[in-house]
file my_file-v1.tsv (TSV, C-alpha atoms and all ligand atoms)
chain	number	residue	atom	x	y	z
K	1	MET	CA	-47.34	34.12	3.04
K	2	GLU	CA	-45.52	32.18	5.77
K	3	LYS	CA	-42.18	33.02	4.19
K	4	HIS	CA	-43.23	36.66	3.99
K	5	LYS	CA	-44.08	36.62	7.71
K	6	GLU	CA	-40.74	35.05	8.56
K	7	ILE	CA	-38.85	37.76	6.65
K	8	LEU	CA	-40.91	40.46	8.32
K	9	LYS	CA	-39.88	38.99	11.69
K	10	GLN	CA	-36.21	38.96	10.68
K	11	CYS	CA	-36.42	42.57	9.48
K	12	ALA	CA	-38.07	43.61	12.74
K	13	GLN	CA	-35.20	42.00	14.63
K	14	LEU	CA	-32.65	43.84	12.48
K	15	LEU	CA	-34.45	47.12	13.20
K	16	ALA	CA	-34.59	46.50	16.93
K	17	ASN	CA	-30.86	45.67	17.03
K	18	SER	CA	-29.54	48.53	14.85
K	19	GLN	CA	-28.02	51.78	16.09
K	20	ARG	CA	-26.86	53.55	12.93
K	21	VAL	CA	-29.39	53.35	10.12
K	22	LEU	CA	-29.55	54.81	6.62
K	23	PHE	CA	-32.87	55.18	4.78
K	24	LEU	CA	-32.52	55.11	0.99
K	25	THR	CA	-35.85	56.27	-0.43
K	26	SER	CA	-36.96	56.50	-4.07
K	27	ALA	CA	-40.07	56.83	-6.23
K	28	GLY	CA	-42.01	54.00	-4.56
K	29	MET	CA	-41.92	55.92	-1.26
K	30	SER	CA	-43.71	58.88	-2.88
K	31	ALA	CA	-46.02	56.74	-5.00
K	32	ASP	CA	-48.04	55.79	-1.89
K	33	SER	CA	-48.74	59.52	-1.46
K	34	ASN	CA	-50.01	59.73	-5.07
K	35	ILE	CA	-46.92	61.45	-6.43
K	36	PRO	CA	-46.59	60.34	-10.07
K	37	THR	CA	-43.20	59.12	-11.27
K	38	PHE	CA	-43.84	59.75	-15.02
K	39	ARG	CA	-42.17	56.47	-15.80
K	40	ASP	CA	-45.55	55.18	-16.97
K	41	LYS	CA	-45.62	56.87	-20.36
K	42	ASP	CA	-49.31	56.19	-21.06
K	43	GLY	CA	-50.34	57.80	-17.78
K	44	TYR	CA	-48.14	60.78	-18.55
K	45	TRP	CA	-49.65	61.30	-22.01
K	46	ARG	CA	-53.17	60.98	-20.57
K	47	ASN	CA	-52.41	63.67	-17.98
K	48	PHE	CA	-50.85	66.06	-20.46
K	49	PRO	CA	-52.45	65.98	-23.94
K	50	PRO	CA	-50.63	69.18	-25.08
K	51	PHE	CA	-47.30	67.46	-24.45
K	52	LYS	CA	-48.44	64.45	-26.47
K	53	GLU	CA	-49.32	66.68	-29.41
K	54	LYS	CA	-45.80	68.13	-29.39
K	55	ASN	CA	-44.18	64.82	-28.51
K	56	LEU	CA	-42.56	66.33	-25.40
K	57	GLU	CA	-41.66	63.51	-23.03
K	58	ALA	CA	-41.15	63.99	-19.30
K	59	GLN	CA	-37.37	63.74	-19.80
K	60	ASP	CA	-37.46	66.50	-22.42
K	61	LEU	CA	-39.37	68.88	-20.13
K	62	ALA	CA	-37.26	68.18	-17.04
K	63	SER	CA	-34.13	69.66	-18.60
K	64	PRO	CA	-32.29	72.98	-18.87
K	65	TRP	CA	-32.92	72.67	-22.62
K	66	ALA	CA	-36.69	72.93	-22.00
K	67	PHE	CA	-36.26	76.00	-19.74
K	68	ARG	CA	-34.37	77.71	-22.60
K	69	ASN	CA	-36.47	76.51	-25.55
K	70	VAL	CA	-40.02	75.72	-24.38
K	71	LEU	CA	-40.07	77.75	-21.16
K	72	PRO	CA	-43.90	77.99	-20.77
K	73	HIS	CA	-44.17	74.18	-20.97
K	74	ALA	CA	-41.15	73.55	-18.75
K	75	TRP	CA	-42.46	75.75	-15.94
K	76	ALA	CA	-46.03	74.41	-16.36
K	77	PHE	CA	-44.73	70.87	-15.87
K	78	TYR	CA	-43.07	71.83	-12.56
K	79	GLU	CA	-45.95	74.06	-11.48
K	80	TRP	CA	-48.27	71.08	-12.01
K	81	ARG	CA	-45.98	68.89	-9.93
K	82	ARG	CA	-45.76	71.47	-7.11
K	83	ARG	CA	-49.57	71.73	-7.02
K	84	ASN	CA	-49.90	67.94	-7.07
K	85	ALA	CA	-47.44	67.54	-4.17
K	86	ASP	CA	-49.25	70.30	-2.31
K	87	GLU	CA	-52.65	68.62	-2.77
K	88	ASN	CA	-51.33	65.33	-1.43
K	89	GLU	CA	-49.39	64.69	1.75
K	90	PRO	CA	-46.65	62.50	3.23
K	91	HIS	CA	-48.14	59.14	4.27
K	92	GLU	CA	-47.80	57.36	7.61
K	93	GLY	CA	-44.51	55.75	6.54
K	94	TYR	CA	-42.75	59.14	6.68
K	95	ARG	CA	-43.94	59.74	10.23
K	96	ILE	CA	-42.84	56.25	11.28
K	97	ILE	CA	-39.33	56.92	9.93
K	98	ASN	CA	-39.21	60.19	11.87
K	99	ARG	CA	-40.38	58.51	15.07
K	100	TRP	CA	-37.79	55.73	14.73
K	101	MET	CA	-35.07	58.33	14.15
K	102	GLU	CA	-36.09	60.19	17.27
K	103	GLU	CA	-36.81	57.29	19.61
K	104	HIS	CA	-35.05	54.13	18.53
K	105	PHE	CA	-31.77	54.68	16.71
K	106	ASN	CA	-28.61	56.35	17.95
K	107	GLU	CA	-28.12	58.03	14.63
K	108	ALA	CA	-29.96	57.83	11.34
K	109	PHE	CA	-29.99	59.58	7.99
K	110	ILE	CA	-32.31	59.80	4.97
K	111	HIS	CA	-30.85	59.80	1.45
K	112	THR	CA	-33.65	60.33	-1.07
K	113	THR	CA	-33.84	60.58	-4.86
K	114	ASN	CA	-37.33	62.12	-4.57
K	115	THR	CA	-37.79	65.82	-5.28
K	116	ASP	CA	-41.19	66.28	-3.59
K	117	GLY	CA	-39.58	67.37	-0.32
K	118	TYR	CA	-41.88	65.03	1.63
K	119	HIS	CA	-39.26	63.93	4.17
K	120	LEU	CA	-38.55	67.50	5.28
K	121	LEU	CA	-42.24	68.45	5.04
K	122	SER	CA	-43.11	65.48	7.28
K	123	GLY	CA	-40.76	66.84	9.93
K	124	SER	CA	-37.48	64.95	9.40
K	125	PRO	CA	-34.54	66.82	10.99
K	126	ILE	CA	-33.12	69.26	8.44
K	127	ASP	CA	-29.51	68.13	9.02
K	128	ARG	CA	-30.42	64.44	8.56
K	129	VAL	CA	-31.72	64.56	4.98
K	130	MET	CA	-29.89	64.48	1.66
K	131	GLU	CA	-32.11	65.23	-1.36
K	132	VAL	CA	-29.66	63.98	-3.93
K	133	HIS	CA	-31.77	65.15	-6.91
K	134	GLY	CA	-32.81	68.42	-5.26
K	135	SER	CA	-36.27	69.67	-4.26
K	136	MET	CA	-39.19	71.27	-6.07
K	137	TRP	CA	-39.57	73.58	-3.04
K	138	ARG	CA	-36.29	75.38	-3.75
K	139	LEU	CA	-35.26	77.53	-6.73
K	140	GLN	CA	-32.01	78.64	-8.31
K	141	CYS	CA	-31.09	81.10	-11.06
K	142	LEU	CA	-31.56	79.77	-14.61
K	143	GLU	CA	-28.49	81.78	-15.66
K	144	VAL	CA	-26.50	80.56	-12.60
K	145	CYS	CA	-25.41	84.12	-11.75
K	146	SER	CA	-24.30	82.60	-8.43
K	147	HIS	CA	-24.43	79.21	-6.73
K	148	ASN	CA	-27.22	80.46	-4.45
K	149	PHE	CA	-30.53	78.68	-4.08
K	150	TRP	CA	-33.53	79.57	-1.96
K	151	ASP	CA	-36.74	78.17	-0.47
K	152	GLU	CA	-39.96	78.89	-2.36
K	153	LEU	CA	-43.03	77.25	-0.86
K	154	ALA	CA	-45.75	79.34	-2.54
K	155	VAL	CA	-48.57	77.42	-4.23
K	156	PRO	CA	-49.50	78.51	-6.80
K	157	LEU	CA	-46.16	79.96	-7.83
K	158	CYS	CA	-46.80	80.58	-11.57
K	159	GLU	CA	-50.03	81.05	-13.43
K	160	MET	CA	-50.79	78.17	-15.77
K	161	SER	CA	-53.39	76.78	-18.13
K	162	HIS	CA	-54.11	73.05	-17.88
K	163	GLU	CA	-55.54	73.17	-21.40
K	164	THR	CA	-52.34	74.36	-23.05
K	165	MET	CA	-49.96	73.26	-20.26
K	166	LYS	CA	-48.30	76.67	-20.56
K	167	ALA	CA	-47.23	78.77	-17.58
K	168	TRP	CA	-46.57	82.49	-17.22
K	169	GLY	CA	-45.57	84.87	-14.43
K	170	TYR	CA	-42.36	83.02	-13.67
K	171	PRO	CA	-40.37	83.42	-10.43
K	172	LYS	CA	-37.24	85.54	-10.74
K	173	CYS	CA	-33.72	85.33	-9.38
K	174	PRO	CA	-33.49	87.91	-6.55
K	175	HIS	CA	-29.88	88.74	-7.51
K	176	CYS	CA	-29.91	89.30	-11.29
K	177	HIS	CA	-33.68	89.17	-11.99
K	178	ALA	CA	-33.28	86.44	-14.60
K	179	ILE	CA	-35.91	83.71	-14.57
K	180	ALA	CA	-35.55	81.15	-11.80
K	181	ARG	CA	-35.73	77.39	-12.22
K	182	PRO	CA	-36.29	74.49	-9.81
K	183	HIS	CA	-33.31	73.53	-7.63
K	184	ILE	CA	-33.52	70.05	-9.11
K	185	LEU	CA	-30.99	67.90	-10.90
K	186	MET	CA	-32.72	67.57	-14.26
K	187	PHE	CA	-31.81	65.46	-17.29
K	188	GLY	CA	-28.65	66.59	-19.09
K	189	ASP	CA	-28.21	69.17	-16.36
K	190	GLY	CA	-24.75	70.69	-15.91
K	191	GLU	CA	-26.22	73.78	-14.26
K	192	TYR	CA	-27.75	72.38	-11.07
K	193	VAL	CA	-25.86	74.09	-8.24
K	194	GLY	CA	-26.28	71.25	-5.73
K	195	HIS	CA	-26.65	71.44	-1.96
K	196	PRO	CA	-23.18	71.48	-0.32
K	197	GLU	CA	-24.56	71.50	3.23
K	198	GLN	CA	-26.73	68.40	2.73
K	199	GLU	CA	-23.78	66.76	0.96
K	200	ARG	CA	-21.47	67.48	3.93
K	201	ASN	CA	-24.00	66.12	6.43
K	202	PHE	CA	-24.34	62.92	4.40
K	203	GLN	CA	-20.57	62.46	4.01
K	204	ARG	CA	-20.18	62.95	7.77
K	205	PHE	CA	-22.79	60.26	8.44
K	206	LEU	CA	-20.92	57.84	6.15
K	207	GLN	CA	-17.70	58.19	8.18
K	208	GLU	CA	-18.75	55.58	10.72
K	209	PRO	CA	-20.02	52.02	10.16
K	210	ILE	CA	-23.73	51.70	9.33
K	211	ASP	CA	-25.61	48.74	10.82
K	212	LEU	CA	-28.59	48.80	8.54
K	213	ALA	CA	-29.68	50.36	5.25
K	214	ILE	CA	-33.37	50.37	4.28
K	215	LEU	CA	-33.90	50.62	0.54
K	216	VAL	CA	-37.43	51.79	-0.28
K	217	GLY	CA	-39.28	51.89	-3.59
K	218	SER	CA	-36.27	52.03	-5.83
K	219	SER	CA	-36.46	51.28	-9.55
K	220	GLY	CA	-33.98	49.87	-12.01
K	221	ALA	CA	-34.36	53.06	-14.08
K	222	VAL	CA	-32.73	55.23	-11.39
K	223	PRO	CA	-30.54	52.88	-9.34
K	224	THR	CA	-28.66	55.59	-7.37
K	225	ASN	CA	-29.81	54.20	-4.02
K	226	ASP	CA	-29.29	50.57	-5.06
K	227	TYR	CA	-25.61	51.23	-5.70
K	228	ILE	CA	-25.20	52.83	-2.27
K	229	ALA	CA	-26.87	49.75	-0.75
K	230	VAL	CA	-24.56	47.42	-2.67
K	231	HIS	CA	-21.49	49.37	-1.55
K	232	LEU	CA	-22.56	49.33	2.10
K	233	GLN	CA	-23.40	45.63	1.91
K	234	SER	CA	-19.80	44.95	0.88
K	235	GLN	CA	-18.75	46.65	4.12
K	236	GLY	CA	-21.00	44.52	6.31
K	237	THR	CA	-24.16	46.66	6.44
K	238	LYS	CA	-27.39	44.66	6.43
K	239	VAL	CA	-29.88	45.76	3.77
K	240	ILE	CA	-33.69	45.59	3.90
K	241	ASN	CA	-35.31	46.12	0.52
K	242	ILE	CA	-38.97	47.21	0.44
K	243	ASN	CA	-40.61	47.00	-2.98
K	244	PRO	CA	-43.79	45.39	-4.33
K	245	ASP	CA	-41.85	44.32	-7.45
K	246	PRO	CA	-39.43	41.42	-6.73
K	247	SER	CA	-37.41	42.12	-9.93
K	248	THR	CA	-36.12	45.31	-8.26
K	249	ASN	CA	-34.08	43.21	-5.85
K	250	SER	CA	-31.72	42.12	-8.63
K	251	ILE	CA	-29.14	44.86	-7.89
K	252	ALA	CA	-29.06	44.74	-4.07
K	253	GLY	CA	-29.86	41.00	-3.98
K	254	THR	CA	-30.60	41.07	-0.27
K	255	GLU	CA	-32.19	38.17	1.60
K	256	TYR	CA	-34.26	40.72	3.55
K	257	PHE	CA	-36.63	41.53	0.71
K	258	LEU	CA	-40.14	42.66	1.62
K	259	PRO	CA	-42.53	42.54	-1.37
K	260	MET	CA	-44.75	45.33	-0.07
K	261	THR	CA	-45.63	48.93	-0.82
K	262	SER	CA	-43.79	51.43	1.35
K	263	GLU	CA	-46.57	52.65	3.63
K	264	ALA	CA	-47.83	49.12	4.38
K	265	ALA	CA	-44.29	47.89	5.03
K	266	PHE	CA	-43.44	50.66	7.53
K	267	ILE	CA	-46.71	50.11	9.39
K	268	ALA	CA	-46.06	46.35	9.56
K	269	LEU	CA	-42.42	46.78	10.60
K	270	ASN	CA	-43.36	49.33	13.23
K	271	GLN	CA	-45.84	46.91	14.77
K	272	ALA	CA	-43.40	44.02	14.64
K	273	ALA	CA	-40.24	45.77	15.87
K	274	PHE	CA	-41.18	48.33	18.50
K	301	ZN	ZN	-29.45	85.22	-11.15
call {"tool": "encode", "arguments": {"input": "my_file-v1.tsv", "output": "structure tokens"}}
result
Amino acid sequence: MEKHKEILKQCAQLLANSQRVLFLTSAGMSADSNIPTFRDKDGYWRNFPPFKEKNLEAQDLASPWAFRNVLPHAWAFYEWRRRNADENEPHEGYRIINRWMEEHFNEAFIHTTNTDGYHLLSGSPIDRVMEVHGSMWRLQCLEVCSHNFWDELAVPLCEMSHETMKAWGYPKCPHCHAIARPHILMFGDGEYVGHPEQERNFQRFLQEPIDLAILVGSSGAVPTNDYIAVHLQSQGTKVININPDPSTNSIAGTEYFLPMTSEAAFIALNQAAF
């Protein structure tokens, strides 16, 4: 506990002394808002008995293959996730990040692997967020008739039955009237059109030295953000890693490791630093 307090103090000092800061947020950030990650297979099967019957795993459904071959299930899976994200809300940690960005740092940026859109929904500046795996609140054409994508915030969007986990009444592409799909980088996905504007904003932010990177809720299964942290560390950036599971620090290996859930950590850091 004492050691924990000492690290919290050191992290608060880092925060208070940093001007350019990069937030690297992953599943653990959303988990505190009750957004399921589907990495817990038992929980997933319990939620979706029809998928268990057909042995359709989360990775199978989150794929262009599923949108072509088991379309009612594929859209039901995303419709369920949109409704779930809509029923929950961004926790206090999101608002603390936004406040820090506005009041304390010269320049900051959020790079997230989450697709729930919670950073933007919580009010983060639109040109300061990179959703590297896309967002469930945008759609693109399943047939990729163009590289366009568009906002779609309606809930519900499709009709669906929880009993069968089948959806109907799919959204359409406004250009060619083919069925639309989430603007999300799915598994085995060569058809995701990406977000060039977010990409440009992120690359621009990376042009100048970054004092501090804050890695939040990352998992060994999707280490995208960990590798960015490791790269920045080699260039002199300090890294704070927030995660209740100490084994997740094996990639970044930072001395500033806070074994806490994301919301609790941001509240504690906010009190200690500002
Ligand atoms: Zn189209």
call {"tool": "residues_around", "arguments": {"input": "my_file-v1.tsv", "residues": "Trp100 of chain K", "least_positions_apart": "4", "cutoff": "12 Å", "atoms": "all atoms listed in the file", "output": "VMD selection string"}}
result
chain K and resid 15 to 16 18 to 23 93 to 96 104 to 110 124 266 to 267 269 to 271 273 to 274
call {"tool": "write_last_selection", "arguments": {"input": "my_file-v1.tsv", "atoms": "C-alpha atoms", "output": "mmCIF file, keeping the file's coordinate frame"}}
result
data_model
loop_
_atom_site.group_PDB
_atom_site.id
_atom_site.type_symbol
_atom_site.label_atom_id
_atom_site.label_comp_id
_atom_site.auth_asym_id
_atom_site.auth_seq_id
_atom_site.Cartn_x
_atom_site.Cartn_y
_atom_site.Cartn_z
ATOM 1 C CA LEU K 15 -34.450 47.120 13.200
ATOM 2 C CA ALA K 16 -34.590 46.500 16.930
ATOM 3 C CA SER K 18 -29.540 48.530 14.850
ATOM 4 C CA GLN K 19 -28.020 51.780 16.090
ATOM 5 C CA ARG K 20 -26.860 53.550 12.930
ATOM 6 C CA VAL K 21 -29.390 53.350 10.120
ATOM 7 C CA LEU K 22 -29.550 54.810 6.620
ATOM 8 C CA PHE K 23 -32.870 55.180 4.780
ATOM 9 C CA GLY K 93 -44.510 55.750 6.540
ATOM 10 C CA TYR K 94 -42.750 59.140 6.680
ATOM 11 C CA ARG K 95 -43.940 59.740 10.230
ATOM 12 C CA ILE K 96 -42.840 56.250 11.280
ATOM 13 C CA HIS K 104 -35.050 54.130 18.530
ATOM 14 C CA PHE K 105 -31.770 54.680 16.710
ATOM 15 C CA ASN K 106 -28.610 56.350 17.950
ATOM 16 C CA GLU K 107 -28.120 58.030 14.630
ATOM 17 C CA ALA K 108 -29.960 57.830 11.340
ATOM 18 C CA PHE K 109 -29.990 59.580 7.990
ATOM 19 C CA ILE K 110 -32.310 59.800 4.970
ATOM 20 C CA SER K 124 -37.480 64.950 9.400
ATOM 21 C CA PHE K 266 -43.440 50.660 7.530
ATOM 22 C CA ILE K 267 -46.710 50.110 9.390
ATOM 23 C CA LEU K 269 -42.420 46.780 10.600
ATOM 24 C CA ASN K 270 -43.360 49.330 13.230
ATOM 25 C CA GLN K 271 -45.840 46.910 14.770
ATOM 26 C CA ALA K 273 -40.240 45.770 15.870
ATOM 27 C CA PHE K 274 -41.180 48.330 18.500
#
call {"tool": "residues_near_ligand", "arguments": {"input": "my_file-v1.tsv", "ligand": "ligand ZN 301 (chain K)", "cutoff": "6 Å", "atoms": "all atoms listed in the file", "output": "PyMOL selection string"}}
result
chain K and resi 141+143-145+173+175-178
call {"tool": "closest_residue", "arguments": {"input": "my_file-v1.tsv", "among": "K:Val230, K:Gly217, K:Thr237, K:Glu163", "to": "Pro259 of chain K", "atoms": "all atoms listed in the file"}}
result
K:Gly217
call {"tool": "residues_around", "arguments": {"input": "my_file-v1.tsv", "residues": "Glu255 of chain K", "least_positions_apart": "5", "cutoff": "9 Å", "atoms": "all atoms listed in the file", "output": "mmCIF file with C-alpha atoms, keeping the file's coordinate frame"}}
result
data_model
loop_
_atom_site.group_PDB
_atom_site.id
_atom_site.type_symbol
_atom_site.label_atom_id
_atom_site.label_comp_id
_atom_site.auth_asym_id
_atom_site.auth_seq_id
_atom_site.Cartn_x
_atom_site.Cartn_y
_atom_site.Cartn_z
ATOM 1 C CA ILE K 7 -38.850 37.760 6.650
ATOM 2 C CA VAL K 239 -29.880 45.760 3.770
ATOM 3 C CA ILE K 240 -33.690 45.590 3.900
ATOM 4 C CA ASN K 241 -35.310 46.120 0.520
#
call {"tool": "closest_residue", "arguments": {"input": "my_file-v1.tsv", "among": "K:Gln10, K:His4, K:Glu103, K:Leu157", "to": "Ala76 of chain K", "atoms": "only C-alpha atoms"}}
result
K:Leu157
call {"tool": "atom_distance", "arguments": {"input": "my_file-v1.tsv", "atom1": "atom CA of Trp80 of chain K", "atom2": "atom CA of Phe38 of chain K"}}
result
12.5 Å
call {"tool": "residues_around", "arguments": {"input": "my_file-v1.tsv", "residues": "Val129 of chain K", "least_positions_apart": "6", "cutoff": "9 Å", "atoms": "all atoms listed in the file", "output": "PDB file with C-alpha atoms, in the coordinates of the input"}}
result
ATOM      1  CA  PHE K 109     -29.990  59.580   7.990  1.00  0.00           C
ATOM      2  CA  ILE K 110     -32.310  59.800   4.970  1.00  0.00           C
ATOM      3  CA  HIS K 111     -30.850  59.800   1.450  1.00  0.00           C
ATOM      4  CA  THR K 112     -33.650  60.330  -1.070  1.00  0.00           C
ATOM      5  CA  HIS K 119     -39.260  63.930   4.170  1.00  0.00           C
ATOM      6  CA  LEU K 120     -38.550  67.500   5.280  1.00  0.00           C
ATOM      7  CA  GLN K 198     -26.730  68.400   2.730  1.00  0.00           C
ATOM      8  CA  ASN K 201     -24.000  66.120   6.430  1.00  0.00           C
ATOM      9  CA  PHE K 202     -24.340  62.920   4.400  1.00  0.00           C
TER      10      PHE K 202
END
call {"tool": "residues_near_point", "arguments": {"input": "my_file-v1.tsv", "point": "(-22.8, 47.2, 4.3)", "cutoff": "12 Å", "atoms": "all atoms listed in the file", "output": "list in words"}}
result
Arg20, Val21, Leu22, Leu206, Glu208, Pro209, Ile210, Asp211, Leu212, Ala213, Ile214, Asp226, Tyr227, Ile228, Ala229, Val230, His231, Leu232, Gln233, Ser234, Gln235, Gly236, Thr237, Lys238, Val239, Ile240, Ala252 and Thr254 of chain K
call {"tool": "closest_residue", "arguments": {"input": "my_file-v1.tsv", "among": "K:Gln13, K:Ser250, K:Ser122, K:Thr224", "to": "Ser33 of chain K", "atoms": "all atoms listed in the file"}}
result
K:Ser122
call {"tool": "closest_residue", "arguments": {"input": "my_file-v1.tsv", "among": "K:Glu53, K:Trp168, K:Arg138, K:Ser26", "to": "Tyr192 of chain K", "atoms": "all atoms listed in the file"}}
result
K:Arg138
call {"tool": "closest_atom_pairs", "arguments": {"input": "my_file-v1.tsv", "of": "segment 26-89 of chain K", "to": "segment 151-154 of chain K", "cutoff": "12 Å", "atoms": "only C-alpha atoms", "output": "CSV"}}
result
residue,atom,partner,partner_atom,distance
K:Glu79,CA,K:Ala154,CA,10.4
K:Arg82,CA,K:Leu153,CA,8.9
K:Arg83,CA,K:Ala154,CA,9.6
K:Ala85,CA,K:Leu153,CA,11.2
K:Asp86,CA,K:Leu153,CA,9.4
call {"tool": "write_last_selection", "arguments": {"input": "my_file-v1.tsv", "atoms": "C-alpha atoms", "output": "PDB file, in the coordinates of the input"}}
result
ATOM      1  CA  GLU K  79     -45.950  74.060 -11.480  1.00  0.00           C
ATOM      2  CA  ARG K  82     -45.760  71.470  -7.110  1.00  0.00           C
ATOM      3  CA  ARG K  83     -49.570  71.730  -7.020  1.00  0.00           C
ATOM      4  CA  ALA K  85     -47.440  67.540  -4.170  1.00  0.00           C
ATOM      5  CA  ASP K  86     -49.250  70.300  -2.310  1.00  0.00           C
TER       6      ASP K  86
END
call {"tool": "closest_residue", "arguments": {"input": "my_file-v1.tsv", "among": "K:Leu61, K:Asp42, K:Trp75, K:Ser30", "to": "Asn88 of chain K", "atoms": "all atoms listed in the file"}}
result
K:Ser30
call {"tool": "closest_residue", "arguments": {"input": "my_file-v1.tsv", "among": "K:Gly188, K:Gly43, K:Pro64, K:Pro223", "to": "Gln140 of chain K", "atoms": "all atoms listed in the file"}}
result
K:Pro64
call {"tool": "residues_around", "arguments": {"input": "my_file-v1.tsv", "residues": "segment 44-48 of chain K", "least_positions_apart": "3", "cutoff": "10 Å", "atoms": "all atoms listed in the file", "output": "list in words"}}
result
Pro36, Thr37, Phe38, Arg39, Asp40, Lys41, Phe51, Lys52, Glu53, Asn55, Leu56, Glu57, Ala58, Phe77, His162, Glu163, Thr164 and Met165 of chain K
call {"tool": "residues_around", "arguments": {"input": "my_file-v1.tsv", "residues": "Asp116 of chain K", "least_positions_apart": "2", "cutoff": "7 Å", "atoms": "all atoms listed in the file", "output": "tab-separated table (two decimals) with C-alpha atoms, keeping the file's coordinate frame"}}
result
chain	number	residue	atom	x	y	z
K	85	ALA	CA	-47.44	67.54	-4.17
K	114	ASN	CA	-37.33	62.12	-4.57
K	118	TYR	CA	-41.88	65.03	1.63
K	135	SER	CA	-36.27	69.67	-4.26
K	136	MET	CA	-39.19	71.27	-6.07
call {"tool": "atom_distance", "arguments": {"input": "my_file-v1.tsv", "atom1": "atom CA of Asn84 of chain K", "atom2": "atom CA of Val132 of chain K"}}
result
20.9 Å
call {"tool": "atom_distance", "arguments": {"input": "my_file-v1.tsv", "atom1": "atom CA of Arg200 of chain K", "atom2": "atom CA of Glu131 of chain K"}}
result
12.1 Å
call {"tool": "axis_aligned_box", "arguments": {"input": "my_file-v1.tsv", "around": "segment 4-7 of chain K", "padding_each_side": "6 Å", "output": "JSON"}}
result
{"center_x": -41.5, "center_y": 36.4, "center_z": 6.3, "size_x": 17.2, "size_y": 14.7, "size_z": 16.6}
call {"tool": "decode", "arguments": {"input": "my_file-v1.tsv", "residues": "segment 180-192 of chain K", "atoms": "C-alpha atoms", "output": "PDB file, in the first residue's frame"}}
result
ATOM      1  CA  ALA K 180     -24.094  -0.966 -44.610  1.00  0.00           C
ATOM      2  CA  ARG K 181     -21.721  -2.325 -41.988  1.00  0.00           C
ATOM      3  CA  PRO K 182     -20.009  -0.807 -38.936  1.00  0.00           C
ATOM      4  CA  HIS K 183     -17.028   1.463 -39.651  1.00  0.00           C
ATOM      5  CA  ILE K 184     -14.927  -0.844 -37.502  1.00  0.00           C
ATOM      6  CA  LEU K 185     -11.738  -2.745 -38.183  1.00  0.00           C
ATOM      7  CA  MET K 186     -13.014  -6.285 -37.724  1.00  0.00           C
ATOM      8  CA  PHE K 187     -11.124  -9.588 -37.702  1.00  0.00           C
ATOM      9  CA  GLY K 188      -9.686 -10.598 -41.079  1.00  0.00           C
ATOM     10  CA  ASP K 189     -10.917  -7.272 -42.416  1.00  0.00           C
ATOM     11  CA  GLY K 190      -9.378  -5.983 -45.645  1.00  0.00           C
ATOM     12  CA  GLU K 191     -12.434  -3.842 -46.361  1.00  0.00           C
ATOM     13  CA  TYR K 192     -12.396  -1.350 -43.492  1.00  0.00           C
TER      14      TYR K 192
END
